[in-house]
Structure formats: C-alpha cells, structure tokens
$ cat entry_10.txt   # compact mmCIF, C-alpha atoms
# COMPACT_ATOMS: atom_id res chain seq x y z
CA MET A 1 -1.02 -20.03 -20.41
CA ASN A 2 -1.51 -23.47 -18.88
CA ILE A 3 1.82 -24.74 -17.53
CA ASN A 4 0.86 -28.27 -18.58
CA ASN A 5 1.30 -27.17 -22.21
CA ILE A 6 4.91 -26.12 -21.56
CA SER A 7 7.75 -28.45 -22.56
CA ARG A 8 9.79 -30.31 -19.95
CA LYS A 9 12.86 -28.15 -20.68
CA ASP A 10 10.87 -24.98 -20.11
CA LYS A 11 9.40 -26.36 -16.88
CA VAL A 12 12.97 -27.04 -15.69
CA ASN A 13 13.97 -23.50 -16.66
CA ILE A 14 11.05 -22.00 -14.75
CA LEU A 15 12.00 -23.99 -11.65
CA LEU A 16 15.68 -23.00 -12.00
CA PHE A 17 14.71 -19.36 -12.49
CA LYS A 18 12.79 -19.38 -9.20
CA LEU A 19 15.86 -20.84 -7.47
CA LEU A 20 18.09 -18.31 -9.25
CA LEU A 21 16.06 -15.40 -7.87
CA ILE A 22 16.38 -16.81 -4.35
CA VAL A 23 20.14 -17.07 -4.85
CA GLN A 24 20.29 -13.49 -6.15
CA TYR A 25 18.41 -12.27 -3.07
CA GLY A 26 20.96 -14.00 -0.83
CA PHE A 27 18.35 -16.52 0.40
CA PHE A 28 16.40 -13.56 1.81
CA LEU A 29 19.04 -13.10 4.56
CA LEU A 30 17.64 -16.22 6.25
CA VAL A 31 20.85 -18.26 6.16
CA PRO A 32 22.99 -17.45 9.26
CA ILE A 33 26.17 -17.13 7.20
CA PRO A 34 27.11 -13.56 6.11
CA GLN A 35 29.21 -14.87 3.23
CA VAL A 36 26.10 -16.52 1.76
CA SER A 37 23.87 -13.45 2.08
CA ARG A 38 26.46 -11.12 0.59
CA GLY A 39 28.65 -13.50 -1.37
CA LEU A 40 26.03 -15.03 -3.62
CA ALA A 41 24.82 -11.57 -4.55
CA TYR A 42 28.33 -10.37 -5.35
CA THR A 43 29.99 -13.42 -6.89
CA PRO A 44 28.59 -15.02 -10.03
CA TRP A 45 29.40 -18.68 -9.68
CA ALA A 46 26.29 -20.13 -8.04
CA SER A 47 24.05 -18.10 -10.35
CA LEU A 48 26.18 -18.89 -13.38
CA LEU A 49 25.83 -22.64 -12.87
CA LEU A 50 22.04 -22.34 -12.88
CA ILE A 51 22.06 -19.99 -15.87
CA LEU A 52 24.32 -22.24 -17.94
CA ILE A 53 21.91 -25.14 -17.44
CA MET A 54 19.00 -22.90 -18.46
CA TRP A 55 20.92 -21.58 -21.47
CA ILE A 56 21.75 -25.12 -22.71
CA ASN A 57 18.03 -25.92 -22.46
CA SER A 58 17.29 -22.91 -24.67
CA LEU A 59 19.85 -23.18 -27.47
CA GLY A 60 18.52 -22.10 -30.86
CA LYS A 61 18.25 -19.10 -33.14
CA THR A 62 18.42 -15.69 -31.55
CA ASP A 63 17.22 -12.14 -32.21
CA GLU A 64 18.95 -8.75 -32.40
CA LEU A 65 19.02 -8.22 -28.63
CA GLY A 66 20.44 -11.72 -28.23
CA ILE A 67 23.20 -10.85 -30.69
CA LEU A 68 24.08 -7.85 -28.52
CA VAL A 69 24.22 -10.13 -25.47
CA TYR A 70 26.78 -12.30 -27.25
CA PHE A 71 28.64 -9.14 -28.31
CA PHE A 72 28.77 -8.03 -24.67
CA ILE A 73 30.18 -11.40 -23.63
CA LEU A 74 32.72 -11.22 -26.48
CA ILE A 75 33.89 -7.80 -25.25
CA ASN A 76 34.46 -9.26 -21.81
CA LEU A 77 36.29 -12.29 -23.23
CA VAL A 78 38.57 -9.96 -25.21
CA SER A 79 39.21 -8.00 -22.03
CA PHE A 80 40.06 -11.19 -20.14
CA VAL A 81 42.62 -12.18 -22.79
CA TYR A 82 43.96 -8.62 -22.84
CA ILE A 83 44.56 -8.71 -19.08
CA PHE A 84 46.56 -11.91 -19.43
CA LEU A 85 48.63 -10.70 -22.40
CA HIS A 86 49.16 -7.10 -21.30
CA TYR A 87 49.73 -7.51 -17.56
CA LYS A 88 51.04 -11.10 -17.65
CA TYR A 89 48.77 -11.47 -14.65
CA LEU A 90 45.41 -12.99 -13.72
CA ASP A 91 43.69 -13.03 -10.35
CA SER A 92 40.26 -13.91 -8.96
CA THR A 93 38.81 -10.50 -9.87
CA ALA A 94 39.50 -11.09 -13.57
CA TYR A 95 37.61 -14.40 -13.44
CA THR A 96 34.81 -12.77 -11.46
CA GLY A 97 34.49 -9.97 -14.01
CA LEU A 98 34.13 -12.52 -16.80
CA GLY A 99 31.66 -14.48 -14.68
CA TYR A 100 29.47 -11.40 -14.26
CA ALA A 101 29.40 -10.92 -18.02
CA LEU A 102 28.36 -14.53 -18.64
CA LEU A 103 25.31 -14.00 -16.42
CA THR A 104 23.74 -12.08 -19.33
CA LEU A 105 23.06 -15.51 -20.86
CA ILE A 106 19.91 -15.46 -18.70
CA TYR A 107 18.42 -13.46 -21.57
CA PHE A 108 17.98 -16.54 -23.78
CA PRO A 109 16.05 -18.91 -21.48
CA LEU A 110 13.91 -16.06 -20.14
CA LYS A 111 13.11 -14.81 -23.64
CA ARG A 112 12.08 -18.35 -24.55
CA ILE A 113 9.80 -18.99 -21.58
CA SER A 114 8.39 -15.44 -21.36
CA GLY A 115 6.17 -16.14 -24.36
CA LYS A 116 4.72 -19.16 -22.58
CA PHE A 117 4.77 -18.20 -18.91
CA ASP A 118 4.41 -14.94 -16.95
CA ILE A 119 7.94 -14.50 -15.57
CA LYS A 120 7.03 -11.03 -14.29
CA HIS A 121 4.66 -12.65 -11.80
CA ILE A 122 7.51 -14.82 -10.46
CA ILE A 123 9.82 -11.80 -10.17
CA ILE A 124 7.23 -9.63 -8.41
CA PHE A 125 6.14 -12.30 -5.95
CA THR A 126 9.76 -13.12 -5.05
CA ASN A 127 10.58 -9.44 -4.62
CA ILE A 128 7.65 -8.88 -2.25
CA LEU A 129 8.62 -11.90 -0.16
CA ALA A 130 12.29 -10.88 -0.08
CA ILE A 131 11.63 -7.26 0.93
CA LEU A 132 9.21 -8.25 3.71
CA ILE A 133 11.78 -10.63 5.23
CA ILE A 134 14.66 -8.18 4.81
CA LEU A 135 12.61 -5.33 6.30
CA VAL A 136 11.92 -7.36 9.43
CA GLN A 137 15.63 -7.88 9.98
CA VAL A 138 16.62 -4.28 9.23
CA VAL A 139 13.89 -2.85 11.49
CA TYR A 140 14.93 -5.27 14.23
CA PHE A 141 18.54 -4.13 13.98
CA ASN A 142 17.60 -0.44 13.90
CA VAL A 143 15.48 -0.86 17.05
CA PHE A 144 17.56 -3.30 19.08
CA GLY A 145 21.05 -2.80 17.64
CA SER A 146 21.61 -6.49 16.97
CA THR A 147 20.81 -8.99 14.23
CA LEU A 148 17.74 -11.19 14.41
CA ILE A 149 19.56 -13.82 12.35
CA SER A 150 23.34 -13.68 11.95
CA SER A 151 23.00 -13.49 8.18
CA PHE A 152 25.01 -10.30 7.78
CA ASP A 153 27.88 -8.58 9.58
CA PRO A 154 26.68 -5.06 10.54
CA THR A 155 30.27 -3.92 11.18
CA LYS A 156 30.92 -4.28 7.44
CA LEU A 157 27.82 -2.32 6.47
CA GLN A 158 27.26 1.42 6.49
CA ILE A 159 24.98 3.22 8.90
CA ARG A 160 23.27 6.30 7.47
CA ASN A 161 19.65 6.72 8.54
CA GLY A 162 19.73 3.27 10.06
CA LEU A 163 21.42 0.18 8.65
CA ARG A 164 22.12 0.20 4.90
CA ILE A 165 21.93 -2.98 2.81
CA THR A 166 22.63 -2.36 -0.88
CA TYR A 167 23.14 -5.91 -2.14
CA TYR A 168 19.80 -6.11 -3.98
CA ASP A 169 19.42 -2.55 -5.29
CA TYR A 170 19.10 -3.34 -8.99
CA LEU A 171 16.78 -6.28 -8.42
CA VAL A 172 14.42 -3.99 -6.53
CA LEU A 173 14.83 -1.16 -9.04
CA THR A 174 13.93 -3.59 -11.83
CA ASN A 175 10.76 -4.43 -9.90
CA VAL A 176 9.94 -0.72 -9.73
CA ALA A 177 10.21 -0.59 -13.52
CA ILE A 178 8.09 -3.71 -13.99
CA SER A 179 5.26 -2.56 -11.73
CA VAL A 180 5.27 1.04 -13.00
CA GLY A 181 5.00 -0.25 -16.56
CA ILE A 182 2.05 -2.45 -15.60
CA LEU A 183 0.24 -0.01 -13.29
CA PHE A 184 0.07 2.73 -15.90
CA LYS A 185 -1.72 0.29 -18.20
CA LYS A 186 -3.93 -1.50 -15.67
CA ARG A 187 -4.32 -1.25 -11.90
CA ASN A 188 -3.89 -4.33 -9.74
CA LEU A 189 -3.14 -5.02 -6.08
CA LEU A 190 -0.02 -7.17 -6.51
CA ASP A 191 1.88 -4.56 -8.50
CA SER A 192 0.73 -1.78 -6.16
CA VAL A 193 2.10 -3.69 -3.16
CA ASN A 194 5.30 -4.49 -5.07
CA LEU A 195 5.85 -0.84 -5.98
CA LEU A 196 5.19 0.37 -2.44
CA LEU A 197 7.54 -2.17 -0.84
CA SER A 198 10.21 -1.51 -3.47
CA TYR A 199 10.21 2.19 -2.64
CA ILE A 200 10.35 1.42 1.07
CA TYR A 201 13.40 -0.76 0.41
CA ILE A 202 15.10 1.87 -1.76
CA PHE A 203 14.60 4.75 0.69
CA TYR A 204 14.78 2.90 4.01
CA VAL A 205 17.11 -0.04 3.42
CA SER A 206 19.36 0.91 0.49
CA GLN A 207 19.52 4.69 0.95
CA THR A 208 21.59 4.97 -2.24
CA ARG A 209 20.98 8.46 -3.59
CA TYR A 210 21.44 7.59 -7.25
CA ILE A 211 19.08 4.60 -7.02
CA GLU A 212 16.53 6.83 -5.22
CA ALA A 213 16.75 9.43 -7.98
CA VAL A 214 16.40 6.84 -10.78
CA ALA A 215 13.39 5.25 -9.06
CA LEU A 216 11.67 8.65 -8.84
CA VAL A 217 12.60 9.64 -12.39
CA ILE A 218 11.09 6.38 -13.71
CA VAL A 219 7.71 7.22 -12.18
CA GLY A 220 7.96 10.85 -13.26
CA ILE A 221 8.86 10.25 -16.91
CA VAL A 222 6.46 7.33 -17.37
CA GLY A 223 3.68 9.38 -15.76
CA ILE A 224 4.29 12.32 -18.09
CA ALA A 225 4.43 10.00 -21.11
CA TYR A 226 1.13 8.44 -20.02
CA VAL A 227 -0.63 11.81 -19.74
CA TRP A 228 0.92 12.98 -23.00
CA LYS A 229 -0.74 10.06 -24.80
CA PHE A 230 -4.15 11.46 -23.79
CA LEU A 231 -3.23 15.05 -24.60
CA LYS A 232 -2.16 14.07 -28.12
CA LYS A 233 -5.62 12.61 -28.65
CA GLY A 234 -7.12 15.97 -27.69
CA TYR A 235 -8.77 15.16 -24.38
CA VAL A 236 -7.97 15.22 -20.69
CA THR A 237 -9.30 12.65 -18.24
CA ALA A 238 -9.71 12.93 -14.47
CA ILE A 239 -7.04 10.27 -13.95
CA SER A 240 -4.54 12.09 -16.16
CA VAL A 241 -5.05 15.30 -14.17
CA SER A 242 -4.64 13.46 -10.87
CA ILE A 243 -1.47 11.81 -12.17
CA ILE A 244 0.02 15.22 -12.99
CA PHE A 245 -0.58 16.37 -9.40
CA VAL A 246 1.30 13.31 -8.15
CA ILE A 247 4.04 13.26 -10.79
CA LEU A 248 5.10 16.89 -10.53
CA PRO A 249 6.04 16.64 -6.82
CA VAL A 250 7.82 13.35 -7.48
CA LEU A 251 9.86 14.92 -10.28
CA PHE A 252 10.60 17.93 -8.09
CA ILE A 253 11.95 15.65 -5.36
CA ALA A 254 14.06 13.70 -7.88
CA ILE A 255 15.51 16.87 -9.43
CA ARG A 256 16.21 18.28 -5.97
CA LYS A 257 18.03 15.09 -4.97
CA ILE A 258 20.16 15.18 -8.12
CA TYR A 259 20.87 18.88 -7.65
CA THR A 260 21.80 18.48 -3.99
CA ALA A 261 24.03 15.49 -4.66
CA LEU A 262 25.74 16.56 -7.87
CA ILE A 263 25.46 20.27 -8.65
CA GLN A 264 25.21 22.17 -5.37
CA PRO A 265 28.56 20.88 -3.98
CA ILE A 266 30.32 22.39 -7.01
CA LEU A 267 28.53 25.72 -6.74
CA ASP A 268 29.20 26.23 -3.03
CA GLY A 269 32.62 24.53 -2.97
CA SER A 270 31.53 21.96 -0.39
CA TYR A 271 32.62 19.11 -2.67
CA MET A 272 36.13 19.57 -1.26
CA SER A 273 34.93 18.16 2.06
CA ILE A 274 32.68 15.43 0.63
CA GLY A 275 34.81 12.30 0.37
CA SER A 276 32.76 10.42 -2.22
CA TYR A 277 32.30 13.51 -4.40
CA PHE A 278 35.96 14.50 -4.18
CA ALA A 279 36.92 10.94 -5.10
CA ARG A 280 34.68 11.02 -8.18
CA LEU A 281 36.33 14.20 -9.46
CA GLY A 282 39.68 12.52 -8.98
CA GLU A 283 38.37 9.43 -10.76
CA LEU A 284 37.26 11.45 -13.76
CA ASP A 285 40.65 13.11 -14.06
CA PHE A 286 42.64 9.90 -13.55
CA TYR A 287 40.56 7.66 -15.80
CA SER A 288 40.37 10.31 -18.55
CA ASN A 289 44.15 10.14 -18.80
CA VAL A 290 43.98 6.34 -18.80
CA LEU A 291 41.63 6.38 -21.80
CA LYS A 292 43.92 8.71 -23.73
CA ASN A 293 46.60 6.04 -23.59
CA ASN A 294 44.38 3.01 -24.23
CA PHE A 295 41.02 3.84 -25.74
CA ILE A 296 40.70 0.47 -27.51
CA PHE A 297 41.03 -1.95 -24.57
CA GLY A 298 40.82 0.29 -21.50
CA LEU A 299 42.32 -0.94 -18.26
CA GLY A 300 40.80 -4.40 -18.43
CA ASN A 301 37.82 -5.81 -16.57
CA PHE A 302 39.45 -6.61 -13.24
CA SER A 303 39.92 -4.97 -9.87
CA THR A 304 43.09 -6.72 -8.59
CA GLN A 305 43.93 -7.59 -5.00
CA VAL A 306 45.19 -4.86 -2.65
CA SER A 307 48.53 -6.64 -2.49
CA SER A 308 48.84 -6.68 -6.29
CA PRO A 309 51.51 -4.52 -7.97
CA TYR A 310 48.75 -3.31 -10.29
CA TRP A 311 46.47 -1.97 -7.55
CA THR A 312 47.42 1.69 -8.10
CA THR A 313 47.40 1.17 -11.87
CA ILE A 314 43.71 0.27 -11.65
CA HIS A 315 42.64 2.34 -8.64
CA GLY A 316 44.79 5.46 -8.89
CA PRO A 317 47.83 6.66 -6.94
CA GLU A 318 45.96 6.60 -3.61
CA GLY A 319 44.14 3.35 -4.39
CA ILE A 320 40.67 4.86 -3.83
CA PHE A 321 39.32 5.16 -7.39
CA TYR A 322 36.78 2.72 -8.84
CA THR A 323 35.43 2.63 -12.39
CA GLN A 324 32.08 1.35 -11.03
CA ASP A 325 31.41 4.85 -9.63
CA LEU A 326 31.36 6.44 -13.09
CA GLY A 327 28.60 4.63 -14.95
CA LEU A 328 29.04 4.18 -18.68
CA PHE A 329 32.29 6.15 -18.67
CA GLY A 330 33.66 3.68 -16.15
CA ASP A 331 32.50 0.79 -18.35
CA VAL A 332 34.48 2.23 -21.27
CA VAL A 333 37.51 2.66 -18.99
CA ARG A 334 37.29 -1.02 -18.00
CA LEU A 335 36.30 -2.59 -21.30
CA GLY A 336 37.44 -0.10 -23.93
CA SER A 337 35.77 1.61 -26.89
CA LEU A 338 33.76 -1.48 -27.88
CA MET A 339 31.64 -0.90 -24.79
CA LEU A 340 30.62 2.52 -26.09
CA ILE A 341 29.72 0.99 -29.45
CA LEU A 342 27.61 -1.65 -27.68
CA PHE A 343 25.71 0.98 -25.72
CA ILE A 344 24.97 3.04 -28.84
CA LEU A 345 23.75 -0.04 -30.73
CA LEU A 346 21.56 -1.05 -27.78
CA VAL A 347 19.94 2.39 -27.60
CA LEU A 348 19.31 2.39 -31.36
CA ILE A 349 17.69 -1.05 -31.23
CA LEU A 350 15.54 -0.24 -28.19
CA ASN A 351 14.17 2.80 -30.01
CA LYS A 352 13.03 0.78 -33.01
CA LYS A 353 9.31 0.40 -33.62
CA ASN A 354 9.26 -3.20 -32.36
CA TYR A 355 10.25 -2.06 -28.87
CA LYS A 356 7.97 1.01 -28.60
CA ASP A 357 5.54 -0.72 -26.21
CA PHE A 358 4.68 1.69 -23.39
CA GLY A 359 5.49 -0.92 -20.73
CA ASN A 360 9.10 -1.03 -21.97
CA LEU A 361 9.81 2.60 -21.10
CA PRO A 362 10.62 2.10 -17.38
CA LEU A 363 13.02 -0.76 -18.19
CA LYS A 364 14.72 1.31 -20.89
CA LEU A 365 15.20 4.13 -18.40
CA ILE A 366 17.26 1.84 -16.15
CA ILE A 367 19.58 1.11 -19.08
CA TYR A 368 19.79 4.80 -20.00
CA SER A 369 20.55 5.66 -16.37
CA SER A 370 23.82 3.75 -16.77
CA VAL A 371 25.23 6.97 -18.21
CA GLY A 372 25.21 8.25 -14.61
CA SER A 373 27.16 7.06 -11.58
CA ILE A 374 26.04 3.41 -11.42
CA SER A 375 25.97 1.18 -14.51
CA VAL A 376 23.70 -1.78 -15.13
CA PHE A 377 26.48 -3.23 -17.33
CA SER A 378 28.46 -4.20 -14.25
CA ASN A 379 25.72 -6.68 -13.33
CA GLY A 380 25.24 -9.18 -16.14
CA PHE A 381 22.26 -10.86 -14.50
CA ILE A 382 20.30 -7.60 -14.30
CA LEU A 383 21.24 -6.59 -17.85
CA GLY A 384 20.09 -9.95 -19.24
CA LEU A 385 16.94 -9.86 -17.11
CA ILE A 386 15.95 -6.36 -18.27
CA LEU A 387 16.54 -7.19 -21.93
CA ALA A 388 14.44 -10.35 -21.59
CA LEU A 389 11.62 -8.39 -19.96
CA ILE A 390 11.52 -5.85 -22.76
CA THR A 391 8.66 -7.05 -24.92
CA ASN A 392 8.88 -7.24 -28.68
CA SER A 393 6.18 -7.06 -31.31
CA ARG A 394 3.91 -10.12 -31.45
CA LYS A 395 5.24 -11.11 -34.86
CA SER A 396 8.90 -10.86 -33.82
CA ARG A 397 8.24 -12.70 -30.57
CA ARG A 398 6.38 -15.46 -32.39
CA ASN A 399 9.25 -15.84 -34.84
CA TYR A 400 11.74 -16.02 -31.98
CA LEU A 401 9.78 -18.68 -30.15
CA ASN A 402 9.36 -20.71 -33.32
CA GLY A 403 13.09 -20.47 -34.07
CA ASN A 404 12.51 -18.56 -37.35
$ encode --input "entry_10.txt" --output "structure tokens"
Amino acid sequence: MNINNISRKDKVNILLFKLLLIVQYGFFLLVPIPQVSRGLAYTPWASLLLILIMWINSLGKTDELGILVYFFILINLVSFVYIFLHYKYLDSTAYTGLGYALLTLIYFPLKRISGKFDIKHIIIFTNILAILIILVQVVYFNVFGSTLISSFDPTKLQIRNGLRITYYDYLVLTNVAISVGILFKKRNLLDSVNLLLSYIYIFYVSQTRYIEAVALVIVGIVGIAYVWKFLKKGYVTAISVSIIFVILPVLFIAIRKIYTALIQPILDGSYMSIGSYFARLGELDFYSNVLKNNFIFGLGNFSTQVSSPYWTTIHGPEGIFYTQDLGLFGDVVRLGSLMLILFILLVLILNKKNYKDFGNLPLKLIIYSSVGSISVFSNGFILGLILALITNSRKSRRNYLNGN
C-alpha cells in the first residue's frame, strides 16, 4: 500500500517501530558501550517509552488477542501489588518485570499499521542488517581474540564453540518463523537470505541448544504440514517430494539434539555431572513445593538483588535456581495460576478458524515452545510482536482497522 495514504499517526508509528527494532538489537553492537548493547536488550525502559507513544497513537477498540494482552498486563500488575503487600519489599527487579510485561502493548500499534504497511519487510530487513554487523564482530573476536568495537565485554560472555551472544535470540527466532511461513507459500530472495543468516546466528553466535531445536522443529513441522496439504488433495508434486528429503534430516537432527540434551543424561546418569541439567532438576523440585503453598499468586514476578533477604526464597537454598529456565512452568511459579489460564485461552484462540492461515503456524510454534525450557512470556516485546504478526481473517482484520 502507498505510504502516502497512511495517516500521520501511523507514519509516526512506523518510524518509531524502526527505531524500536534498532534499540532491541542493541544498536547492532555498534555503540562502544557494553551497557548499551546488552542493557537496552535486557531492560525495558527505552523500548517502553517508544511503545507507549505508539500505543497512545493507536487507542481504540480491540480484538480477542488484544484482550489477552491486557489480561497478561493485568496479571503482572497483580503480581507487582502482591510483591509489595506480601514481602513488604520492592526493588528494581520488580519494576523491570512489570516493564517487560508492558512491552506487550506493541501489539496494538503493530496490529493497526500491519493492515496498511508491510511490517514484516521492516523486521526482515533490520534482522539481516543486524546479523551481518554482529557476525563481523563475532568472527573478528573468534579469529583475533579481541573486540573490533568495544560494544560488549567478552569476559562477561560465555565461550562455547567461539564467543556466544544470546541477547537477540528471540528476535532472530521470530525472523525464522516469519521467513519460513512466507517461503512455504512463495519463494523470494529476501526471505531466503533472512532464513539463512538467522540460522547462522542461532548455531554460530547464540549456540543455545533449546533455540536451535525450536528453529529446526519449526522448519520440520511446517514442511510436513505443507506436504500434507498436497497429499490430502490426492497428488504428490516434485517440490513436495524434495521437501520431504530435506525435512526428514532436519527433524532427525532436532530430535537428536533434544534427546542428547534432555533424555540421554537421565538414562546414562551423566546429568549428575552436568551443572545446568542438575540445576534444572533441583529447580523442578524446589519450585513444585513453592506452588503447593501458593498456587494463586506464585512467588511474584521479581528476581531480587543478591544482597536481598529474599534471594534464597526466590532462587532456592543455594541461590542458583531461576524460574526462567523452566518455560511455562516457571511462568506459573512467578505469576501464579492466572498465567496457566492465560496460556490455555491463548492456545484456544489461536486454534480458531480465523487464525488457521498456514503462515501463522511457525509463529504459533514459538508460543507453544514456551512449554519447554525458555518461555516467550518473559519477553513482552516478543510476545506482543508475535501476536501482532499472526494474521486474522480479512473480515476480522477489516473490522479491527475500522474500529468495529
């Protein structure tokens, strides 16, 4: 659609969204201040200011997904009040937790402008630019052992198969979902490049096993669903056969990764010597007991400072447990039973006829993957972004845009 036909408020929102993406990518690691590169990706305030302006520009009637966004924010507000009343204590982590939740407000301005402007194009182009710049710096460090620009502190980052940077994992994973959804409907160069670079980032830069597995599962499941559409119609095409030969190895690799990371350590007893795995078993035991005592409100959406008297209350007797490691279960531990209700409602809505568009499947899979070890609900910006990207029926979208 011609941008000249877009209202001034929507033009402002498009401009602010472009700036917001740059902020979320830590200014592409180009600012020689580590706190900027990491801090803006991990604290909500700079992003929240932009989102609040966009949200005010988009006030109006909402839809069922928008109602769930407000419900999610309400859950976090209740948790914030609960922390204050129950613990008689508030610290910066409680405010940050609430700030993360408020980032889901990005849903409303994006839903408004997505019917008038291709926001996916903005996201993909920004992702390609960000990954190329980040790759240069990571490759430089891996070869020369020093930073090209002092935009991150390597002593505070993990070295696995080279330097690991995990700040932008869910942004990149969302781009995988976007491009997979598009490429299985129509082939184009931009999405092909975006998908390739996103996988390079996930496997070379992030090296987070769960993100790797989810990225592979997205391609595998969407590929199978694509071929199944042809089989149901009673015919097989050359492209569907070729897809099967690509998808099956991808699924095999994904299943093998999940098996090696999660199941094999239990079978051979090696989990006892794997710190992260051993910690997760301890987390499950500890937080299960926590939920027995407070299923309604959970622990509260805060992390506390190490010096806080509540550190071991939140992080276990040894102070090494984190709810963020446990996916949806961890969300329920933090925010209480309402979080489980929200997730169930979201799944039910996303499986309604209006949201059955094939391109939505990869994005839905990211939400469903929150049941695992990393939850999208801990990142309000990504949750709001994914919900806004999920397309609705033409009639429902038209009604939303017209405020009916």
$ atom_distance --input "entry_10.txt" --atom1 "CA of Thr126 in chain A" --atom2 "CA of Ile14 in chain A"
13.2 Å
$ residues_around --input "entry_10.txt" --residues "range 209-218 of chain A" --least-positions-apart "5" --cutoff "8 Å" --atoms "all atoms listed in the file" --output "ChimeraX atom specification"
/A:169,173,176-177,180,199,202-203,250-251,253-255,257-258,261,362,365-366,369,373-374
$ write_last_selection --input "entry_10.txt" --atoms "C-alpha atoms" --output "PDB file, keeping the file's coordinate frame"
ATOM      1  CA  ASP A 169      19.420  -2.550  -5.290  1.00  0.00           C
ATOM      2  CA  LEU A 173      14.830  -1.160  -9.040  1.00  0.00           C
ATOM      3  CA  VAL A 176       9.940  -0.720  -9.730  1.00  0.00           C
ATOM      4  CA  ALA A 177      10.210  -0.590 -13.520  1.00  0.00           C
ATOM      5  CA  VAL A 180       5.270   1.040 -13.000  1.00  0.00           C
ATOM      6  CA  TYR A 199      10.210   2.190  -2.640  1.00  0.00           C
ATOM      7  CA  ILE A 202      15.100   1.870  -1.760  1.00  0.00           C
ATOM      8  CA  PHE A 203      14.600   4.750   0.690  1.00  0.00           C
ATOM      9  CA  VAL A 250       7.820  13.350  -7.480  1.00  0.00           C
ATOM     10  CA  LEU A 251       9.860  14.920 -10.280  1.00  0.00           C
ATOM     11  CA  ILE A 253      11.950  15.650  -5.360  1.00  0.00           C
ATOM     12  CA  ALA A 254      14.060  13.700  -7.880  1.00  0.00           C
ATOM     13  CA  ILE A 255      15.510  16.870  -9.430  1.00  0.00           C
ATOM     14  CA  LYS A 257      18.030  15.090  -4.970  1.00  0.00           C
ATOM     15  CA  ILE A 258      20.160  15.180  -8.120  1.00  0.00           C
ATOM     16  CA  ALA A 261      24.030  15.490  -4.660  1.00  0.00           C
ATOM     17  CA  PRO A 362      10.620   2.100 -17.380  1.00  0.00           C
ATOM     18  CA  LEU A 365      15.200   4.130 -18.400  1.00  0.00           C
ATOM     19  CA  ILE A 366      17.260   1.840 -16.150  1.00  0.00           C
ATOM     20  CA  SER A 369      20.550   5.660 -16.370  1.00  0.00           C
ATOM     21  CA  SER A 373      27.160   7.060 -11.580  1.00  0.00           C
ATOM     22  CA  ILE A 374      26.040   3.410 -11.420  1.00  0.00           C
TER      23      ILE A 374
END
$ atom_distance --input "entry_10.txt" --atom1 "CA of Ser7 in chain A" --atom2 "CA of Gly384 in chain A"
22.5 Å
$ residues_around --input "entry_10.txt" --residues "Val205 in chain A" --least-positions-apart "4" --cutoff "8 Å" --atoms "only C-alpha atoms" --output "PyMOL selection string"
chain A and resi 135+138+162-166+200-201
$ atom_distance --input "entry_10.txt" --atom1 "CA of Lys120 in chain A" --atom2 "CA of Asn76 in chain A"
28.5 Å
$ residues_near_point --input "entry_10.txt" --point "(29.5, -9.7, -25.7)" --cutoff "10 Å" --atoms "all atoms listed in the file" --output "list in words"
Gly66, Ile67, Leu68, Val69, Tyr70, Phe71, Phe72, Ile73, Leu74, Ile75, Asn76, Leu77, Val78, Ala101, Leu102, Thr104, Leu105, Leu338, Met339 and Leu342 of chain A
$ closest_residue --input "entry_10.txt" --among "A:Ile296, A:Leu157, A:Ile367, A:Val36" --to "Leu383 in chain A" --atoms "all atoms listed in the file"
A:Ile367
$ closest_residue --input "entry_10.txt" --among "A:Lys156, A:Lys186, A:Lys116, A:Arg8" --to "Gln35 in chain A" --atoms "only C-alpha atoms"
A:Lys156
$ residues_near_point --input "entry_10.txt" --point "(25.3, 6.6, -13.5)" --cutoff "9 Å" --atoms "all atoms listed in the file" --output "VMD selection string"
chain A and resid 210 324 to 329 368 to 376
$ closest_residue --input "entry_10.txt" --among "A:Leu361, A:Leu171, A:Ile244, A:Leu15" --to "Leu50 in chain A" --atoms "only C-alpha atoms"
A:Leu15
$ closest_residue --input "entry_10.txt" --among "A:Asn188, A:Thr174, A:Asn161, A:Asn127" --to "Phe381 in chain A" --atoms "only C-alpha atoms"
A:Thr174
$ closest_residue --input "entry_10.txt" --among "A:Thr323, A:Asn360, A:Thr147, A:Thr155" --to "Phe377 in chain A" --atoms "only C-alpha atoms"
A:Thr323
